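Taking it in order: structure first as structure tokens, then the write-up.
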Amino acid sequence: MARKSGKAQKEQWRRRLFVPCYQVGEAARYAHVSPQTVGKWHKATEQHGPVLSSRDARAELSYMQLIEVAVLAAFRKEGLTLRTVRNAREYFAKMLQSEFPFAEYRFMTEGKDLWLDYGQIEGDADANTLLNASKGGQLGWRSIIGRLKEFEYEDGGVAVRWRVAGEKSPIIIDPRVSFGAPAVRGTPTWAIRGRWDAGESVGDIADDFGLSQKHVKEALAFEGVVPDMSRQDLWAS
């Protein structure tokens with residue numbers, strides 16, 4: 001059978017970005033919010049449209065929707081109101097013709113406002129020129145604004161890598177690796193948890209997967225494993 005060309009493989013990967021494959025409970029756990037909160041963000045009210053794209057209440061989330069949930073959760077942690085986020089998303093969805101702007105563009109926060117690097121829209125824009133998404137696209141200049149550092153953008157601007165357990169964690173969600181499951185150096189955390197549940201030691205798991213014991217322990221912690229005193233010999237090995 002002939003191998004697919006690089007372009008065909010790339011297109012196949014990009015199609016996976018929009019395939020529903022994450023349960024709401026999973027997305028909520030990864031973003032450190034409740035499943036009810038995720039549901040509310042996708043639901044319109046009598047007064048306002050949804051904060052994120054509309055979604056059937058029972059439908060799973062695509063990778064793009066997962067990243068938007070994660071970015072919105074990060075915005076809320078920074079203190080931004082839902083009104084600010086909703087207005088910014090509606091503005092950029094129309095301006096950039098993007099269904100998932102929070103997953104396709106790098107946003108920054110400062111105080112109560114949400115900003116976007118203007119260079120992402122106009123390639124020759126000054127490096128310090130920013131667009132205030134919270135105030136209808138007003139331009140401004142800032143030297144230093146905090147970024148959402150747990151997200152890495154490439155391949156046409158899409159957030160293709162999310163350090164789901166924090167910016168310094170080795171645990172990454174990348175749609176090109178392990179079909180988008182949380183993974184450590186390409187090994188899904190669920191696989192590491194499965195080996196631990198089967199009674200294997202940290203040392204054996206690390207050796208089999210070519211990982212450090214520290215990475216194995218971080219993966220187990222991400223999966224909710226708490227060191228069991230009756231298995232300390234296996235945890236410390």
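Letters A, B, ... mark the chains of the structure tokens in the order given; residue numbers begin at 1 per chain; ligand numbers begin at 1, in order shown.
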**6 Å contact set for region 17-31 of chain A, only C-alpha atoms, chain neighbours under 2 positions out, as a VMD selection string** = chain A and resid 14 to 15 33 to 35 60 to 64 70
Export of the given selection (C-alpha atoms) as a PDB file, in the first residue's frame:
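Saved file selection22.pdb follows:
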```pdb
ATOM      1  CA  ARG A  14      -5.926  18.875  10.906  1.00  0.00           C
ATOM      2  CA  ARG A  15      -9.276  17.142  10.429  1.00  0.00           C
ATOM      3  CA  VAL A  33     -13.504  23.673  36.481  1.00  0.00           C
ATOM      4  CA  SER A  34     -16.740  21.768  37.057  1.00  0.00           C
ATOM      5  CA  PRO A  35     -18.640  19.932  34.283  1.00  0.00           C
ATOM      6  CA  GLU A  60     -18.360  15.488  23.331  1.00  0.00           C
ATOM      7  CA  LEU A  61     -15.844  18.271  22.725  1.00  0.00           C
ATOM      8  CA  SER A  62     -13.421  18.493  19.831  1.00  0.00           C
ATOM      9  CA  TYR A  63      -9.787  19.405  20.421  1.00  0.00           C
ATOM     10  CA  MET A  64     -10.528  23.003  19.359  1.00  0.00           C
ATOM     11  CA  ALA A  70      -8.909  25.681  28.774  1.00  0.00           C
TER      12      ALA A  70
END
```
Show which residues sit within 12 Å of region 224-228 of chain A, as a short mmCIF file (atom, residue, chain, number, x, y, z; two decimals) with N, CA and C atoms, in the first residue's frame. Count only C-alpha atoms, and ignore same-chain residues fewer than 2 positions away.
```
data_model
loop_
_atom_site.label_atom_id
_atom_site.label_comp_id
_atom_site.auth_asym_id
_atom_site.auth_seq_id
_atom_site.Cartn_x
_atom_site.Cartn_y
_atom_site.Cartn_z
N ARG A 29 -12.00 18.40 34.13
CA ARG A 29 -10.90 18.01 35.01
C ARG A 29 -9.59 18.61 34.54
N TYR A 30 -9.35 18.58 33.25
CA TYR A 30 -8.10 19.13 32.72
C TYR A 30 -8.01 20.64 32.96
N THR A 189 -0.84 9.13 29.75
CA THR A 189 -0.86 8.96 31.20
C THR A 189 -1.79 7.83 31.62
N TRP A 190 -2.83 7.58 30.81
CA TRP A 190 -3.73 6.47 31.16
C TRP A 190 -3.01 5.13 31.06
N ILE A 192 0.21 4.64 31.68
CA ILE A 192 1.06 4.55 32.87
C ILE A 192 0.21 4.17 34.08
N ARG A 193 -0.97 4.79 34.20
CA ARG A 193 -1.88 4.46 35.30
C ARG A 193 -2.30 2.99 35.22
N GLY A 194 -2.54 2.48 34.02
CA GLY A 194 -2.94 1.10 33.87
C GLY A 194 -1.87 0.13 34.34
N TRP A 196 0.41 0.78 36.60
CA TRP A 196 0.47 0.90 38.06
C TRP A 196 -0.67 0.11 38.70
N ASP A 197 -1.87 0.23 38.16
CA ASP A 197 -3.01 -0.50 38.69
C ASP A 197 -2.83 -2.01 38.57
N GLY A 199 -0.17 -3.50 39.22
CA GLY A 199 0.74 -3.92 40.26
C GLY A 199 2.21 -3.72 39.97
N SER A 201 5.84 -1.65 39.51
CA SER A 201 6.53 -0.60 40.26
C SER A 201 6.82 0.60 39.37
N VAL A 202 7.09 1.72 40.02
CA VAL A 202 7.45 2.93 39.28
C VAL A 202 8.69 2.67 38.43
N VAL A 216 7.20 9.38 35.55
CA VAL A 216 6.16 8.39 35.85
C VAL A 216 5.34 8.85 37.04
N LYS A 217 5.99 9.33 38.08
CA LYS A 217 5.28 9.79 39.27
C LYS A 217 4.39 11.01 38.96
N GLU A 218 4.87 11.90 38.09
CA GLU A 218 4.05 13.06 37.71
C GLU A 218 2.83 12.61 36.91
N ALA A 219 3.01 11.62 36.05
CA ALA A 219 1.88 11.11 35.29
C ALA A 219 0.86 10.44 36.21
N LEU A 220 1.34 9.68 37.17
CA LEU A 220 0.43 9.03 38.12
C LEU A 220 -0.30 10.06 38.98
N ALA A 221 0.41 11.10 39.39
CA ALA A 221 -0.25 12.15 40.17
C ALA A 221 -1.33 12.83 39.33
N PHE A 222 -1.05 13.08 38.05
CA PHE A 222 -2.04 13.68 37.16
C PHE A 222 -3.27 12.79 37.05
N SER A 230 1.12 0.90 51.59
CA SER A 230 1.34 -0.53 51.42
C SER A 230 2.16 -0.84 50.17
N ARG A 231 2.36 0.19 49.30
CA ARG A 231 3.12 -0.02 48.07
C ARG A 231 4.30 0.95 47.98
N GLN A 232 4.78 1.40 49.11
CA GLN A 232 5.88 2.36 49.11
C GLN A 232 7.13 1.80 48.44
N ASP A 233 7.32 0.48 48.57
CA ASP A 233 8.50 -0.11 47.95
C ASP A 233 8.43 -0.02 46.44
N LEU A 234 7.21 -0.09 45.89
CA LEU A 234 7.04 0.01 44.45
C LEU A 234 7.10 1.47 43.98
N TRP A 235 6.65 2.38 44.85
CA TRP A 235 6.67 3.81 44.50
C TRP A 235 8.09 4.37 44.55
N ALA A 236 8.86 3.92 45.52
CA ALA A 236 10.21 4.45 45.71
C ALA A 236 11.26 3.76 44.86
#
```
**Message:** Between CA of Arg163 (chain A) and CA of Ala183 (chain A), what is the distance in Å, rounded to a tenth?
**Reply:** 9.7 Å
**Message:** When you look at Gly210 (chain A) with a cut-off of 12 Å (counting only C-alpha atoms), what residues show up, excluding the ones that are within fewer than 3 positions of it in the same chain? I need them as an NGL selection string.
**Reply:** :A and (184-187 or 192 or 202-207 or 213-216)
Any chance you could export the current selection's C-alpha atoms as a compact mmCIF listing (two decimals), in the first residue's frame?
```txt
# COMPACT_ATOMS: atom_id res chain seq x y z
CA VAL A 184 4.48 12.28 28.88
CA ARG A 185 7.07 12.10 26.10
CA GLY A 186 4.51 10.41 23.88
CA THR A 187 3.25 7.90 26.46
CA ILE A 192 1.06 4.55 32.87
CA VAL A 202 7.45 2.93 39.28
CA GLY A 203 10.89 1.69 38.29
CA ASP A 204 9.58 -1.06 36.02
CA ILE A 205 7.11 1.31 34.35
CA ALA A 206 9.86 3.88 33.79
CA ASP A 207 12.18 1.27 32.26
CA GLN A 213 10.85 7.79 37.49
CA LYS A 214 10.06 11.45 38.14
CA HIS A 215 7.99 11.59 34.93
CA VAL A 216 6.16 8.39 35.85
```
**Request:** Fewer than 4 positions away in the same chain doesn't count, so skip those; otherwise give me all residues within 10 Å of Leu52 (chain A), counting only C-alpha atoms, as a list in words.
**Result:** Val38, Gly39, Lys40, Trp41, His42, Lys43, Ala44, Gln65, Glu68, Val69, Leu72, Val85, Arg86, Arg89, Glu90, Glu99, Phe100, Pro101 and Phe102 of chain A
**Message:** What's around region 174-180 of chain A at 7 Å? Count only C-alpha atoms, leave out sequence neighbours fewer than 4 positions away in its own chain, and write the answer as a list of chain:residue names.
**Reply:** A:Trp13, A:Leu17, A:Val160, A:Arg161, A:Trp162, A:Gly186, A:Pro188
Can you write out the residues you just picked, keeping N, CA and C atoms, as an mmCIF file, in the first residue's frame?
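Written out: part-v7.cif:
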```cif
data_model
loop_
_atom_site.group_PDB
_atom_site.id
_atom_site.type_symbol
_atom_site.label_atom_id
_atom_site.label_comp_id
_atom_site.auth_asym_id
_atom_site.auth_seq_id
_atom_site.Cartn_x
_atom_site.Cartn_y
_atom_site.Cartn_z
ATOM 1 N N TRP A 13 -4.331 15.064 9.975
ATOM 2 C CA TRP A 13 -4.144 15.539 11.337
ATOM 3 C C TRP A 13 -5.034 16.742 11.615
ATOM 4 N N LEU A 17 -8.686 17.811 14.510
ATOM 5 C CA LEU A 17 -8.899 18.914 15.438
ATOM 6 C C LEU A 17 -10.375 19.160 15.721
ATOM 7 N N VAL A 160 -1.355 24.001 19.353
ATOM 8 C CA VAL A 160 -1.185 22.565 19.146
ATOM 9 C C VAL A 160 -0.592 21.853 20.358
ATOM 10 N N ARG A 161 -0.284 22.581 21.394
ATOM 11 C CA ARG A 161 0.303 21.934 22.569
ATOM 12 C C ARG A 161 -0.180 22.645 23.821
ATOM 13 N N TRP A 162 -0.762 21.880 24.732
ATOM 14 C CA TRP A 162 -1.238 22.424 26.002
ATOM 15 C C TRP A 162 -0.556 21.673 27.127
ATOM 16 N N GLY A 186 5.196 11.273 24.813
ATOM 17 C CA GLY A 186 4.509 10.406 23.875
ATOM 18 C C GLY A 186 3.774 9.236 24.482
ATOM 19 N N PRO A 188 0.814 7.929 26.831
ATOM 20 C CA PRO A 188 -0.402 8.421 27.488
ATOM 21 C C PRO A 188 -0.364 8.173 28.990
#
```
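Taking CA of Glu167 (chain A) and CA of Phe151 (chain A) as endpoints, the distance between them is 7.9 Å.
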